[in-house]
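> If it helps, the file is called entry.txt and holds compact mmCIF, C-alpha atoms and all ligand atoms:
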```txt
# COMPACT_ATOMS: atom_id res chain seq x y z
CA VAL N 1 -21.07 9.40 -16.58
CA SER N 2 -17.70 10.85 -17.58
CA ALA N 3 -14.72 8.51 -17.31
CA GLU N 4 -13.26 10.44 -14.36
CA HIS N 5 -16.46 9.93 -12.37
CA SER N 6 -16.87 6.31 -13.32
CA PRO N 7 -16.78 3.91 -10.36
CA ILE N 8 -14.72 1.29 -12.23
CA GLY N 9 -11.46 3.21 -12.59
CA ALA N 10 -8.12 1.44 -12.30
CA SER N 11 -7.24 2.81 -8.86
CA GLY N 12 -10.28 1.14 -7.25
CA MET N 13 -9.99 -2.15 -9.09
CA HIS N 14 -8.55 -4.02 -6.09
CA ARG N 15 -12.01 -3.51 -4.54
CA TRP N 16 -14.57 -3.77 -7.35
CA SER N 17 -12.92 -6.78 -9.00
CA ARG N 18 -13.19 -8.73 -5.74
CA CYS N 19 -16.50 -7.30 -4.52
CA PRO N 20 -18.65 -6.50 -7.58
CA GLY N 21 -21.53 -5.31 -5.35
CA ALA N 22 -19.32 -2.53 -3.92
CA VAL N 23 -19.96 -0.33 -6.98
CA ARG N 24 -23.72 -0.27 -6.26
CA LEU N 25 -23.32 0.11 -2.48
CA CYS N 26 -20.76 2.95 -2.78
CA GLU N 27 -22.91 4.99 -5.20
CA GLY N 28 -23.11 8.58 -3.97
CA LEU N 29 -20.77 7.99 -1.01
CA PRO N 30 -17.61 10.10 -0.79
CA GLU N 31 -14.25 8.26 -1.08
CA ALA N 32 -12.99 7.25 2.36
CA LYS N 33 -10.30 9.68 3.57
CA SER N 34 -7.33 8.52 5.57
CA ALA N 35 -3.94 9.86 6.62
CA TYR N 36 -2.36 6.96 4.68
CA ALA N 37 -4.15 7.91 1.46
CA GLU N 38 -3.17 11.57 1.87
CA GLU N 39 0.48 10.62 2.40
CA GLY N 40 0.32 8.39 -0.69
CA THR N 41 -1.06 11.29 -2.74
CA ARG N 42 1.73 13.59 -1.48
CA ALA N 43 4.37 10.99 -2.42
CA HIS N 44 2.89 10.56 -5.92
CA GLU N 45 2.71 14.33 -6.48
CA LEU N 46 6.29 14.85 -5.33
CA ALA N 47 7.58 12.02 -7.54
CA ALA N 48 5.66 13.30 -10.57
CA ARG N 49 7.06 16.83 -10.12
CA GLN N 50 10.63 15.58 -9.64
CA LEU N 51 10.42 13.33 -12.70
CA SER N 52 9.06 16.13 -14.87
CA GLY N 53 11.78 18.51 -13.65
CA GLN N 54 9.44 20.76 -11.66
CA PRO N 55 10.27 22.02 -8.15
CA ALA N 56 8.22 20.65 -5.23
CA LEU N 57 5.21 22.81 -4.33
CA ALA N 58 6.38 23.06 -0.71
CA ALA N 59 9.47 21.96 1.24
CA VAL N 60 9.14 18.31 2.26
CA GLU N 61 10.75 17.47 5.59
CA ASP N 62 9.48 13.91 5.93
CA ALA N 63 12.73 11.92 5.54
CA ASP N 64 10.92 8.56 5.14
CA LEU N 65 8.74 9.93 2.35
CA LEU N 66 11.72 11.51 0.56
CA GLU N 67 13.71 8.31 0.83
CA ALA N 68 10.85 6.14 -0.49
CA VAL N 69 10.16 8.50 -3.40
CA SER N 70 13.86 8.58 -4.28
CA VAL N 71 13.88 4.77 -4.71
CA TYR N 72 11.22 5.26 -7.41
CA THR N 73 12.75 8.32 -9.10
CA ARG N 74 16.25 6.76 -9.16
CA TRP N 75 14.82 3.64 -10.80
CA VAL N 76 13.02 5.76 -13.43
CA GLY N 77 16.24 7.74 -13.99
CA ALA N 78 18.13 4.54 -14.80
CA GLU N 79 15.37 2.91 -16.90
CA ARG N 80 14.56 5.93 -19.03
CA GLN N 81 18.03 5.97 -20.64
CA GLY N 82 17.57 5.60 -24.38
CA GLY N 83 13.79 5.54 -24.01
CA GLU N 84 10.79 7.88 -24.02
CA LEU N 85 9.38 8.76 -20.61
CA HIS N 86 5.74 9.61 -19.85
CA ILE N 87 4.63 10.59 -16.35
CA GLU N 88 1.01 10.35 -15.10
CA VAL N 89 -0.42 8.90 -18.31
CA ARG N 90 -4.21 9.30 -18.31
CA PHE N 91 -5.94 6.66 -20.36
CA ASP N 92 -9.46 5.74 -21.39
CA LEU N 93 -10.42 2.13 -22.12
CA GLY N 94 -14.00 2.94 -23.09
CA ALA N 95 -13.41 0.85 -26.23
CA VAL N 96 -13.05 -2.23 -24.00
CA HIS N 97 -16.00 -1.30 -21.76
CA PRO N 98 -17.58 2.09 -20.99
CA GLY N 99 -16.26 3.66 -17.79
CA LEU N 100 -12.84 1.98 -17.76
CA PHE N 101 -10.16 4.62 -17.26
CA GLY N 102 -7.10 5.38 -15.15
CA THR N 103 -3.77 7.13 -14.77
CA ALA N 104 -0.51 5.15 -15.02
CA ASP N 105 2.24 6.59 -12.79
CA CYS N 106 5.09 6.10 -15.27
CA VAL N 107 5.43 4.66 -18.76
CA ILE N 108 8.72 4.18 -20.61
CA TRP N 109 8.95 3.16 -24.26
CA ARG N 110 12.19 1.43 -25.19
CA PRO N 111 12.37 1.23 -29.01
CA ASP N 112 15.58 -0.85 -29.03
CA ASP N 113 13.89 -3.99 -27.76
CA LYS N 114 10.31 -2.86 -28.42
CA ARG N 115 9.43 -2.96 -24.75
CA LEU N 116 6.79 -0.86 -23.00
CA ILE N 117 7.51 -0.48 -19.26
CA VAL N 118 4.56 0.46 -17.05
CA ALA N 119 5.43 1.25 -13.45
CA ASP N 120 3.14 1.65 -10.47
CA TYR N 121 4.49 3.34 -7.34
CA LYS N 122 2.95 2.04 -4.11
CA HIS N 123 3.63 4.14 -1.04
CA GLY N 124 1.79 1.80 1.36
CA ALA N 125 3.82 -0.11 3.94
CA GLY N 126 1.14 -2.49 5.20
CA VAL N 127 0.24 -4.95 2.46
CA PRO N 128 2.87 -6.11 -0.06
CA VAL N 129 1.63 -5.91 -3.66
CA GLU N 130 2.56 -8.92 -5.78
CA VAL N 131 3.44 -8.22 -9.38
CA GLU N 132 2.60 -11.61 -10.94
CA ASN N 133 -0.86 -11.88 -12.50
CA ASN N 134 -1.96 -8.67 -10.81
CA PRO N 135 -5.16 -7.54 -12.61
CA GLN N 136 -4.79 -3.92 -11.50
CA LEU N 137 -1.28 -3.69 -13.03
CA ARG N 138 -2.57 -5.27 -16.22
CA TYR N 139 -5.35 -2.68 -16.32
CA TYR N 140 -2.73 0.12 -16.19
CA ALA N 141 -0.50 -1.66 -18.71
CA LEU N 142 -3.37 -2.25 -21.14
CA GLY N 143 -4.43 1.39 -20.78
CA ALA N 144 -0.91 2.63 -21.54
CA LEU N 145 -0.49 0.20 -24.46
CA LEU N 146 -3.77 1.05 -26.19
CA ASN N 147 -3.57 4.80 -25.59
CA LEU N 148 0.09 5.46 -26.43
CA ARG N 149 0.02 3.02 -29.38
CA TYR N 150 3.70 2.08 -29.41
CA PRO N 151 4.47 -1.05 -31.50
CA ALA N 152 5.49 -3.04 -28.40
CA ALA N 153 6.48 -6.71 -28.48
CA THR N 154 6.62 -7.15 -24.70
CA VAL N 155 5.28 -5.21 -21.74
CA ALA N 156 7.06 -5.04 -18.39
CA MET N 157 4.83 -4.32 -15.42
CA VAL N 158 6.72 -2.97 -12.43
CA VAL N 159 5.69 -2.46 -8.81
CA ILE N 160 7.88 -0.12 -6.77
CA GLN N 161 6.97 -0.39 -3.11
CA PRO N 162 9.93 0.81 -1.03
CA ARG N 163 8.29 0.96 2.41
CA CYS N 164 6.96 -2.60 2.59
CA PRO N 165 9.45 -5.46 3.11
CA HIS N 166 9.28 -8.16 0.40
CA PRO N 167 11.68 -11.05 -0.23
CA ASP N 168 11.96 -10.04 -3.92
CA GLY N 169 12.99 -6.49 -2.99
CA ALA N 170 11.27 -3.11 -3.37
CA ILE N 171 11.14 -3.28 -7.19
CA ARG N 172 9.33 -6.26 -8.71
CA VAL N 173 8.85 -6.90 -12.41
CA GLU N 174 6.70 -9.16 -14.57
CA VAL N 175 7.21 -9.23 -18.34
CA VAL N 176 4.43 -10.47 -20.62
CA ASP N 177 4.04 -10.84 -24.33
CA VAL N 178 1.88 -8.09 -25.81
CA VAL N 179 -0.59 -10.73 -27.09
CA ASP N 180 -1.18 -11.97 -23.52
CA LEU N 181 -1.84 -8.44 -22.35
CA LEU N 182 -4.35 -7.88 -25.16
CA ASP N 183 -6.09 -11.11 -24.07
CA PHE N 184 -6.55 -9.54 -20.65
CA ALA N 185 -9.03 -7.05 -22.18
CA SER N 186 -11.81 -9.69 -22.13
CA GLU N 187 -11.05 -10.50 -18.48
CA LEU N 188 -11.20 -6.81 -17.61
CA LYS N 189 -14.52 -6.46 -19.42
CA ALA N 190 -15.92 -9.46 -17.49
CA PHE N 191 -14.90 -7.83 -14.18
CA ALA N 192 -16.64 -4.60 -15.24
CA VAL N 193 -19.82 -6.35 -16.44
CA ALA N 194 -20.05 -8.26 -13.13
CA THR N 195 -20.43 -4.96 -11.26
CA GLU N 196 -23.47 -4.00 -13.36
CA THR N 197 -25.80 -6.91 -12.58
CA PRO N 198 -28.54 -5.87 -10.12
CA ASP N 199 -27.66 -8.73 -7.73
CA ALA N 200 -23.86 -8.25 -7.90
CA PRO N 201 -22.60 -9.94 -4.72
CA LEU N 202 -21.02 -8.16 -1.76
CA VAL N 203 -17.83 -10.06 -0.97
CA PRO N 204 -16.02 -8.96 2.21
CA GLY N 205 -12.25 -9.23 2.39
CA GLU N 206 -9.07 -7.29 3.02
CA HIS N 207 -10.22 -4.87 0.28
CA CYS N 208 -13.00 -3.60 2.61
CA ARG N 209 -10.36 -1.56 4.44
CA TRP N 210 -10.82 1.70 2.54
CA CYS N 211 -14.31 1.00 1.16
CA PRO N 212 -16.56 4.08 1.48
CA ALA N 213 -19.50 1.75 2.25
CA ALA N 214 -17.76 -0.24 5.00
CA ALA N 215 -19.73 1.38 7.82
CA VAL N 216 -23.09 0.60 6.21
CA CYS N 217 -22.30 -2.69 4.45
CA PRO N 218 -24.55 -5.57 5.60
CA ALA N 219 -22.19 -8.27 4.28
CA LEU N 220 -19.24 -6.87 6.22
CA ALA N 221 -21.30 -6.50 9.42
CA ASP N 222 -22.61 -10.10 9.08
CA ARG N 223 -19.13 -11.52 8.54
CA THR N 224 -17.71 -9.61 11.51
CA GLN N 225 -20.53 -10.57 13.84
CA ALA N 226 -20.30 -14.25 12.87
CA LEU N 227 -16.58 -14.16 13.67
CA ALA N 228 -17.10 -12.45 17.01
CA LYS N 229 -19.23 -15.41 18.14
CA ILE N 230 -16.43 -17.96 17.70
CA GLU N 231 -14.29 -18.54 20.78
CA PHE N 232 -10.76 -19.95 20.82
CA ALA N 233 -8.94 -20.71 24.06
CA PRO N 234 -6.27 -23.25 25.04
CA ALA N 235 -8.71 -25.01 27.37
CA LEU N 236 -11.32 -25.51 24.65
CA SER N 237 -11.03 -28.11 21.94
CA TYR N 238 -11.15 -26.40 18.58
CA ASP N 239 -11.02 -27.05 14.87
CA PRO N 240 -7.63 -25.87 13.49
CA VAL N 241 -9.29 -25.13 10.13
CA ALA N 242 -11.78 -22.80 11.85
CA LEU N 243 -8.84 -21.10 13.60
CA ALA N 244 -7.09 -20.58 10.25
CA ARG N 245 -10.30 -19.15 8.76
CA ALA N 246 -10.64 -16.75 11.68
CA LEU N 247 -7.02 -15.64 11.13
CA ASP N 248 -7.77 -15.12 7.43
CA ALA N 249 -10.61 -12.82 8.43
CA ARG N 250 -8.60 -10.49 10.68
CA ALA N 251 -8.25 -7.87 7.95
CA VAL N 252 -12.04 -7.89 7.46
CA VAL N 253 -12.68 -7.32 11.15
CA ARG N 254 -10.09 -4.53 11.29
CA ALA N 255 -11.69 -2.90 8.24
CA TRP N 256 -15.08 -2.97 9.90
CA LEU N 257 -13.74 -1.54 13.19
CA GLU N 258 -11.89 1.27 11.37
CA ALA N 259 -14.96 2.11 9.31
CA LEU N 260 -17.09 2.08 12.47
CA ASP N 261 -14.67 4.47 14.23
CA GLN N 262 -14.56 6.85 11.27
CA PHE N 263 -18.32 6.80 10.76
CA ALA N 264 -19.08 7.39 14.46
CA TYR N 265 -16.50 10.23 14.59
CA ALA N 266 -18.00 11.91 11.52
CA GLU N 267 -21.49 11.60 13.01
CA ALA N 268 -20.32 13.11 16.31
CA GLU N 269 -18.59 16.01 14.50
CA ALA N 270 -21.87 16.58 12.62
CA GLY N 271 -23.70 16.96 15.95
CA ARG N 272 -25.09 13.42 16.20
CA CYS N 273 -23.05 11.94 19.05
CA PRO N 274 -23.88 8.30 19.82
CA PRO N 275 -25.51 7.99 23.31
CA GLY N 276 -22.89 7.64 26.05
CA TYR N 277 -20.13 9.30 23.98
CA LYS N 278 -18.78 12.87 23.69
CA LEU N 279 -16.13 14.75 21.70
CA VAL N 280 -13.19 16.11 23.70
CA GLU N 281 -10.10 18.16 22.80
CA LYS N 282 -7.01 16.09 22.00
CA ARG N 283 -3.95 16.99 24.09
CA ALA N 284 -2.24 19.97 22.43
CA THR N 285 1.48 19.61 21.77
CA ARG N 286 3.72 22.67 22.35
CA LYS N 287 5.87 23.90 19.47
CA TRP N 288 8.54 26.61 19.08
CA ILE N 289 7.14 29.67 17.33
CA ASN N 290 10.62 30.33 15.90
CA GLU N 291 13.56 28.01 16.66
CA THR N 292 16.26 30.65 16.14
CA THR N 293 14.56 33.13 18.47
CA ALA N 294 14.07 30.40 21.10
CA LEU N 295 17.74 29.38 20.87
CA GLU N 296 18.97 32.97 21.36
CA ALA N 297 16.59 33.63 24.24
CA LEU N 298 17.36 30.41 26.12
CA HIS N 299 21.07 29.71 25.64
CA PRO N 300 22.19 31.96 28.54
CA PHE N 301 20.55 29.43 30.88
CA PHE N 302 22.74 26.53 29.66
CA ALA N 303 26.48 25.85 30.06
CA THR N 304 26.80 24.89 26.37
CA ARG N 305 24.52 25.20 23.36
CA ASP N 306 24.86 21.44 22.73
CA MET N 307 22.76 20.86 25.87
CA MET N 308 19.82 22.42 24.02
CA PHE N 309 19.85 19.87 21.19
CA GLU N 310 18.76 16.25 20.96
CA PRO N 311 21.79 13.95 21.12
CA ARG N 312 22.93 12.69 17.71
CA ALA N 313 22.14 9.01 17.08
CA LEU N 314 23.90 6.68 14.65
CA LEU N 315 21.77 5.65 11.66
CA SER N 316 20.40 2.09 11.74
CA PRO N 317 22.36 -0.43 9.59
CA ALA N 318 19.52 -0.43 7.03
CA ARG N 319 19.53 3.37 6.64
CA MET N 320 23.35 3.54 6.75
CA GLU N 321 23.48 1.02 3.89
CA LYS N 322 21.19 3.21 1.81
CA VAL N 323 23.26 6.38 2.18
CA MET N 324 26.80 4.94 1.96
CA PRO N 325 28.59 4.23 -1.35
CA LYS N 326 27.70 0.81 -2.78
CA SER N 327 31.36 -0.19 -3.03
CA ALA N 328 31.83 0.31 0.74
CA ARG N 329 28.88 -1.86 1.79
CA PRO N 330 30.92 -5.05 2.44
CA VAL N 331 32.49 -3.17 5.41
CA LEU N 332 29.11 -3.49 7.15
CA ASP N 333 29.47 -7.29 7.37
CA GLY N 334 31.77 -7.30 10.37
CA LEU N 335 29.89 -4.48 12.13
CA VAL N 336 26.30 -5.71 12.11
CA THR N 337 24.60 -8.51 14.00
CA LYS N 338 21.04 -9.76 13.57
CA GLU N 339 18.87 -10.17 16.64
CA SER N 340 15.72 -12.20 16.14
CA ALA N 341 12.59 -10.27 17.02
CA GLY N 342 10.68 -13.56 17.43
CA HIS N 343 8.36 -15.18 14.93
CA ALA N 344 5.42 -13.81 12.97
CA LEU N 345 2.45 -15.97 12.03
CA VAL N 346 1.67 -15.35 8.34
CA PRO N 347 -0.34 -17.16 5.62
CA ASP N 348 1.63 -19.87 3.78
CA THR N 349 1.36 -17.82 0.56
CA ASP N 350 3.93 -15.45 2.15
CA LYS N 351 7.26 -15.89 0.34
CA ARG N 352 9.45 -16.02 3.47
CA PRO N 353 10.66 -19.53 4.38
CA ALA N 354 8.88 -21.20 7.33
CA VAL N 355 10.77 -21.41 10.64
CA ARG N 356 12.07 -24.94 11.12
CA ARG N 357 11.03 -26.10 14.57
CA SER N 358 12.71 -29.04 16.28
CA ALA N 359 10.81 -32.34 16.64
CA VAL N 360 11.16 -32.02 20.45
CA GLU N 361 9.33 -28.66 20.47
CA ASP N 362 6.61 -30.05 18.22
CA PHE N 363 6.17 -32.96 20.62
CA ARG N 364 5.89 -30.63 23.63
CA ALA N 365 3.53 -28.12 22.11
CA PRO N 366 1.16 -29.76 19.67
CA ASN N 367 -1.29 -27.51 17.82
CA THR N 368 0.00 -24.19 19.11
CA ASP N 369 1.87 -23.04 16.02
CA GLY N 370 -1.21 -22.17 14.02
CA THR N 371 -0.55 -24.87 11.43
CA GLY N 372 -2.62 -27.63 13.02
CA GLY N 373 0.62 -29.25 14.25
CA THR N 374 0.87 -31.87 11.53
CA ASP N 375 3.52 -30.56 9.17
CA GLY N 376 6.02 -28.85 11.61
S1 LIG R 401 -17.44 -3.13 2.72
FE1 LIG R 401 -16.44 -4.84 1.67
S2 LIG R 401 -18.12 -6.23 1.20
FE2 LIG R 401 -19.04 -4.27 1.66
S3 LIG R 401 -19.23 -3.23 -0.29
FE3 LIG R 401 -17.29 -2.56 0.55
S4 LIG R 401 -15.79 -4.00 -0.30
FE4 LIG R 401 -17.81 -4.94 -0.58
```
Could you render the structure as structure tokens?

Amino acid sequence: VSAEHSPIGASGMHRWSRCPGAVRLCEGLPEAKSAYAEEGTRAHELAARQLSGQPALAAVEDADLLEAVSVYTRWVGAERQGGELHIEVRFDLGAVHPGLFGTADCVIWRPDDKRLIVADYKHGAGVPVEVENNPQLRYYALGALLNLRYPAATVAMVVIQPRCPHPDGAIRVEVVDVVDLLDFASELKAFAVATETPDAPLVPGEHCRWCPAAAVCPALADRTQALAKIEFAPALSYDPVALARALDARAVVRAWLEALDQFAYAEAEAGRCPPGYKLVEKRATRKWINETTALEALHPFFATRDMMFEPRALLSPARMEKVMPKSARPVLDGLVTKESAGHALVPDTDKRPAVRRSAVEDFRAPNTDGTGGTDG
């Protein structure tokens, strides 16, 4: 098996390190396709071309994508000063264990302080990626270190995830001693070996979301069906720990439902519609064939041309802040107010501080805040 076709590449490590049995179950199945993954690929390609001074292959009109990519490219532009830049660094860690390989988005060598910087751009907006002790980042960093062979003393691993809010900001860094990173090689090997045992376990979790085997995975189906049997309602007495476990499992259930939808749709498109279902046309949206021609043909019917355009809207404070000069940002203070959008229930590993509720509210509404009502 060539490295590129190996199932234990760095990009899939979030799955196979947590569910070693996934490698066996996914054998021969095509990678799951999704609009999110395609957008992520487009963002990576655009960033790589910009950073290597090549023009984009096609005009990109997606303002959100351009803005997110520019956060990454601006950061690289600042960090590369006085250093050596490598974009899309393909590496092979077959010396650690056969089949280990990957491509690091961006590597910068800074000879002044003997630091290797390995950056990973994440376009996803749904799940924040933590930088500390992240095995996937260490995999990329180890790959870059052993393949580029710079005499590094420290390695900085950097996550750049502009579209997903995080209390530490869009760019998060962990610096480790090169010796600690080399130690990680044995951990990486252990992860890889675990996937090769014939009874490697199937372990459902949030990582099932894009698993090619999700629609046919018995462990995921079992976990989802067990959850569907539990009932929670205000009138029923319940175990707060069981409620917390059910909340933990929401991502697993969503993954299963998404996989089920995609699998059933693919079957229907292949002529095997499930009984009681049919494929129909989606509603077509009308588009101008040519905007200039339409404008010229239609303006005689309007008093002014402005009536033919969408009204201009002021940028949101967040977007305004991004496009205005840094020095002028304090002006925003007197112009912006914050309106609470309510509370979100999140795991206590989330870095945001917990909402402080008053003792009176806790007295009135015991056990309805999802914490078991004991530590309000
Ligand atoms: S669906 Fe989840 S549990 Fe099943 S193989 Fe994939 S990652 Fe593992």
> Under the rule that only C-alpha atoms and all ligand atoms are counted, which of N:Pro7, N:Gly99, N:Pro165, N:Pro204 is the nearest residue to ligand LIG 401 (chain R)?
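So, comparing all the options, the nearest one is N:Pro204.
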> What separation in Å, quoted to one decimal, exists between CA of His97 (chain N) and CA of Leu220 (chain N)?
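Spanning CA of His97 (chain N) to CA of Leu220 (chain N) is a straight-line distance of 28.7 Å.
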> So, counting all atoms listed in the file, which residue among N:Leu85, N:Leu279, N:Ala233, N:Met13 is closest to ligand LIG 401 (chain R)?
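Closest residue, counting all atoms listed in the file: N:Met13.
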> For a quick check of understanding, using only C-alpha atoms, which of N:Leu25, N:Val71, N:Cys164, N:Leu142 has the smallest distance to Ser186 (chain N)?
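Result for the nearest residue to Ser186 (chain N): N:Leu142.
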> Which polymer residues have any atom within 12 Å of an atom of Leu148 (chain N), counting all atoms listed in the file, with same-chain residues fewer than 4 positions away left out, as JSON, numbers by chain?
{"N": [84, 85, 86, 89, 90, 91, 92, 93, 104, 107, 108, 109, 116, 117, 118, 140, 141, 142, 143, 144, 152]}
> Which value, in Å to one decimal, gives the distance between CA of Val253 (chain N) and CA of Trp16 (chain N)?
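Between CA of Val253 (chain N) and CA of Trp16 (chain N) the gap works out to 18.9 Å.
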> Using only C-alpha atoms and all ligand atoms, which residues of chain N come within 7 Å of ligand LIG 401 (chain R), and what is the closest atom pair for each, with the distance in Å to one decimal? Give it as a tab-separated table, sorted by chain and residue number.

```
residue	atom	partner	partner_atom	distance
N:Arg15	CA	R:LIG401	S4	5.7
N:Cys19	CA	R:LIG401	FE4	4.8
N:Gly21	CA	R:LIG401	S3	5.9
N:Ala22	CA	R:LIG401	S3	3.7
N:Leu25	CA	R:LIG401	S3	5.7
N:Cys26	CA	R:LIG401	S3	6.8
N:Leu202	CA	R:LIG401	S2	4.6
N:Val203	CA	R:LIG401	S2	4.4
N:Pro204	CA	R:LIG401	S2	3.6
N:Gly205	CA	R:LIG401	FE1	6.1
N:His207	CA	R:LIG401	S4	5.7
N:Cys208	CA	R:LIG401	FE1	3.8
N:Cys211	CA	R:LIG401	FE3	4.7
N:Pro212	CA	R:LIG401	FE3	6.7
N:Ala213	CA	R:LIG401	FE3	5.1
N:Ala214	CA	R:LIG401	S1	3.7
N:Cys217	CA	R:LIG401	FE2	4.6
N:Pro218	CA	R:LIG401	FE2	6.9
N:Ala219	CA	R:LIG401	S2	5.5
N:Leu220	CA	R:LIG401	S2	5.2
```
> Write out as a PyMOL selection string the residues lying within 12 Å of region 335-340 of chain N, counting only C-alpha atoms and excluding same-chain residues fewer than 6 positions away.
chain N and resi 316-318+320-321+329+355
> Taking 3 positions as the minimum chain separation for residues in the same chain, which residues sit within 12 Å of Arg319 (chain N) when counting all atoms listed in the file? Answer as a PyMOL selection string.
chain N and resi 63-64+67-68+314-316+322-324+329+332
> For Glu132 (chain N), please output as a PyMOL selection string all residues within 8 Å (counting all atoms listed in the file; exclusion window: fewer than 2 positions along the same chain).
chain N and resi 130+134+173-174
> May I ask which of the residues N:Thr41, N:Ser34, N:Ser6, N:Asn290 is the closest one to Ala259 (chain N), counting all atoms listed in the file?
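Going through N:Thr41, N:Ser34, N:Ser6, N:Asn290 one by one, the smallest distance to Ala259 (chain N) is for N:Ser34.
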> Which neighbours of Trp210 (chain N) fall inside 10 Å, counting all atoms listed in the file, when residues of the same chain fewer than 6 positions from it are skipped, and could you give them as a list in words?
Gly12, Arg15, Glu31, Ala32, Lys33, Ser34, Ala37, Ala255, Trp256, Glu258 and Ala259 of chain N
> Between CA of Ile289 (chain N) and CA of Thr304 (chain N), what is the spacing in Å?
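The value is 22.2 Å.
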> Smallest atom-to-atom distance to Arg163 (chain N): which of N:Phe232, N:Tyr238, N:Tyr72, N:Tyr139, using only C-alpha atoms?
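The closest residue to Arg163 (chain N) is N:Tyr72.
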> Which residue, N:Lys114, N:Arg245, N:Arg18, N:Arg223, has the smallest gap to Gln136 (chain N) when you use only C-alpha atoms?
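Residue with the minimum atom-to-atom distance to Gln136 (chain N): N:Arg18.
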> From (0.0, -8.9, -23.3), in the file's coordinates, out to 9 Å: which residues are reached, counting only C-alpha atoms? Answer as an MDAnalysis selection string.
chainID N and resid 138 141:142 153:155 175:184
> Generate the coordinates of N, CA, C and O atoms for region 295-308 of chain N; report them as a PDB file, keeping the file's coordinate frame.

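Dumped to rebuild-v1.pdb:
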```pdb
ATOM      1  N   LEU N 295      16.345  29.724  20.569  1.00  0.00           N
ATOM      2  CA  LEU N 295      17.740  29.380  20.870  1.00  0.00           C
ATOM      3  C   LEU N 295      18.463  30.589  21.476  1.00  0.00           C
ATOM      4  O   LEU N 295      19.131  30.484  22.514  1.00  0.00           O
ATOM      5  N   GLU N 296      18.280  31.763  20.858  1.00  0.00           N
ATOM      6  CA  GLU N 296      18.970  32.970  21.360  1.00  0.00           C
ATOM      7  C   GLU N 296      18.458  33.359  22.740  1.00  0.00           C
ATOM      8  O   GLU N 296      19.220  33.765  23.612  1.00  0.00           O
ATOM      9  N   ALA N 297      17.160  33.209  22.962  1.00  0.00           N
ATOM     10  CA  ALA N 297      16.590  33.630  24.240  1.00  0.00           C
ATOM     11  C   ALA N 297      16.963  32.684  25.377  1.00  0.00           C
ATOM     12  O   ALA N 297      17.071  33.098  26.524  1.00  0.00           O
ATOM     13  N   LEU N 298      17.188  31.408  25.053  1.00  0.00           N
ATOM     14  CA  LEU N 298      17.360  30.410  26.120  1.00  0.00           C
ATOM     15  C   LEU N 298      18.803  30.000  26.387  1.00  0.00           C
ATOM     16  O   LEU N 298      19.094  29.476  27.461  1.00  0.00           O
ATOM     17  N   HIS N 299      19.727  30.269  25.444  1.00  0.00           N
ATOM     18  CA  HIS N 299      21.070  29.710  25.640  1.00  0.00           C
ATOM     19  C   HIS N 299      21.802  30.265  26.863  1.00  0.00           C
ATOM     20  O   HIS N 299      22.624  29.573  27.454  1.00  0.00           O
ATOM     21  N   PRO N 300      21.490  31.506  27.334  1.00  0.00           N
ATOM     22  CA  PRO N 300      22.190  31.960  28.540  1.00  0.00           C
ATOM     23  C   PRO N 300      21.930  31.064  29.767  1.00  0.00           C
ATOM     24  O   PRO N 300      22.685  31.100  30.740  1.00  0.00           O
ATOM     25  N   PHE N 301      20.872  30.271  29.714  1.00  0.00           N
ATOM     26  CA  PHE N 301      20.550  29.430  30.880  1.00  0.00           C
ATOM     27  C   PHE N 301      21.261  28.083  30.841  1.00  0.00           C
ATOM     28  O   PHE N 301      21.047  27.229  31.693  1.00  0.00           O
ATOM     29  N   PHE N 302      22.058  27.824  29.812  1.00  0.00           N
ATOM     30  CA  PHE N 302      22.740  26.530  29.660  1.00  0.00           C
ATOM     31  C   PHE N 302      24.255  26.747  29.598  1.00  0.00           C
ATOM     32  O   PHE N 302      24.723  27.781  29.113  1.00  0.00           O
ATOM     33  N   ALA N 303      25.015  25.755  30.088  1.00  0.00           N
ATOM     34  CA  ALA N 303      26.480  25.850  30.060  1.00  0.00           C
ATOM     35  C   ALA N 303      26.982  25.814  28.616  1.00  0.00           C
ATOM     36  O   ALA N 303      27.900  26.547  28.256  1.00  0.00           O
ATOM     37  N   THR N 304      26.406  24.944  27.790  1.00  0.00           N
ATOM     38  CA  THR N 304      26.800  24.890  26.370  1.00  0.00           C
ATOM     39  C   THR N 304      25.537  24.824  25.512  1.00  0.00           C
ATOM     40  O   THR N 304      24.491  24.353  25.976  1.00  0.00           O
ATOM     41  N   ARG N 305      25.672  25.264  24.272  1.00  0.00           N
ATOM     42  CA  ARG N 305      24.520  25.200  23.360  1.00  0.00           C
ATOM     43  C   ARG N 305      24.137  23.762  23.037  1.00  0.00           C
ATOM     44  O   ARG N 305      22.972  23.469  22.783  1.00  0.00           O
ATOM     45  N   ASP N 306      25.154  22.845  23.038  1.00  0.00           N
ATOM     46  CA  ASP N 306      24.860  21.440  22.730  1.00  0.00           C
ATOM     47  C   ASP N 306      23.787  20.869  23.646  1.00  0.00           C
ATOM     48  O   ASP N 306      23.023  19.980  23.259  1.00  0.00           O
ATOM     49  N   MET N 307      23.748  21.381  24.911  1.00  0.00           N
ATOM     50  CA  MET N 307      22.760  20.860  25.870  1.00  0.00           C
ATOM     51  C   MET N 307      21.330  21.137  25.421  1.00  0.00           C
ATOM     52  O   MET N 307      20.391  20.543  25.917  1.00  0.00           O
ATOM     53  N   MET N 308      21.170  22.054  24.467  1.00  0.00           N
ATOM     54  CA  MET N 308      19.820  22.420  24.020  1.00  0.00           C
ATOM     55  C   MET N 308      19.356  21.579  22.826  1.00  0.00           C
ATOM     56  O   MET N 308      18.249  21.765  22.334  1.00  0.00           O
TER      57      MET N 308
END
```
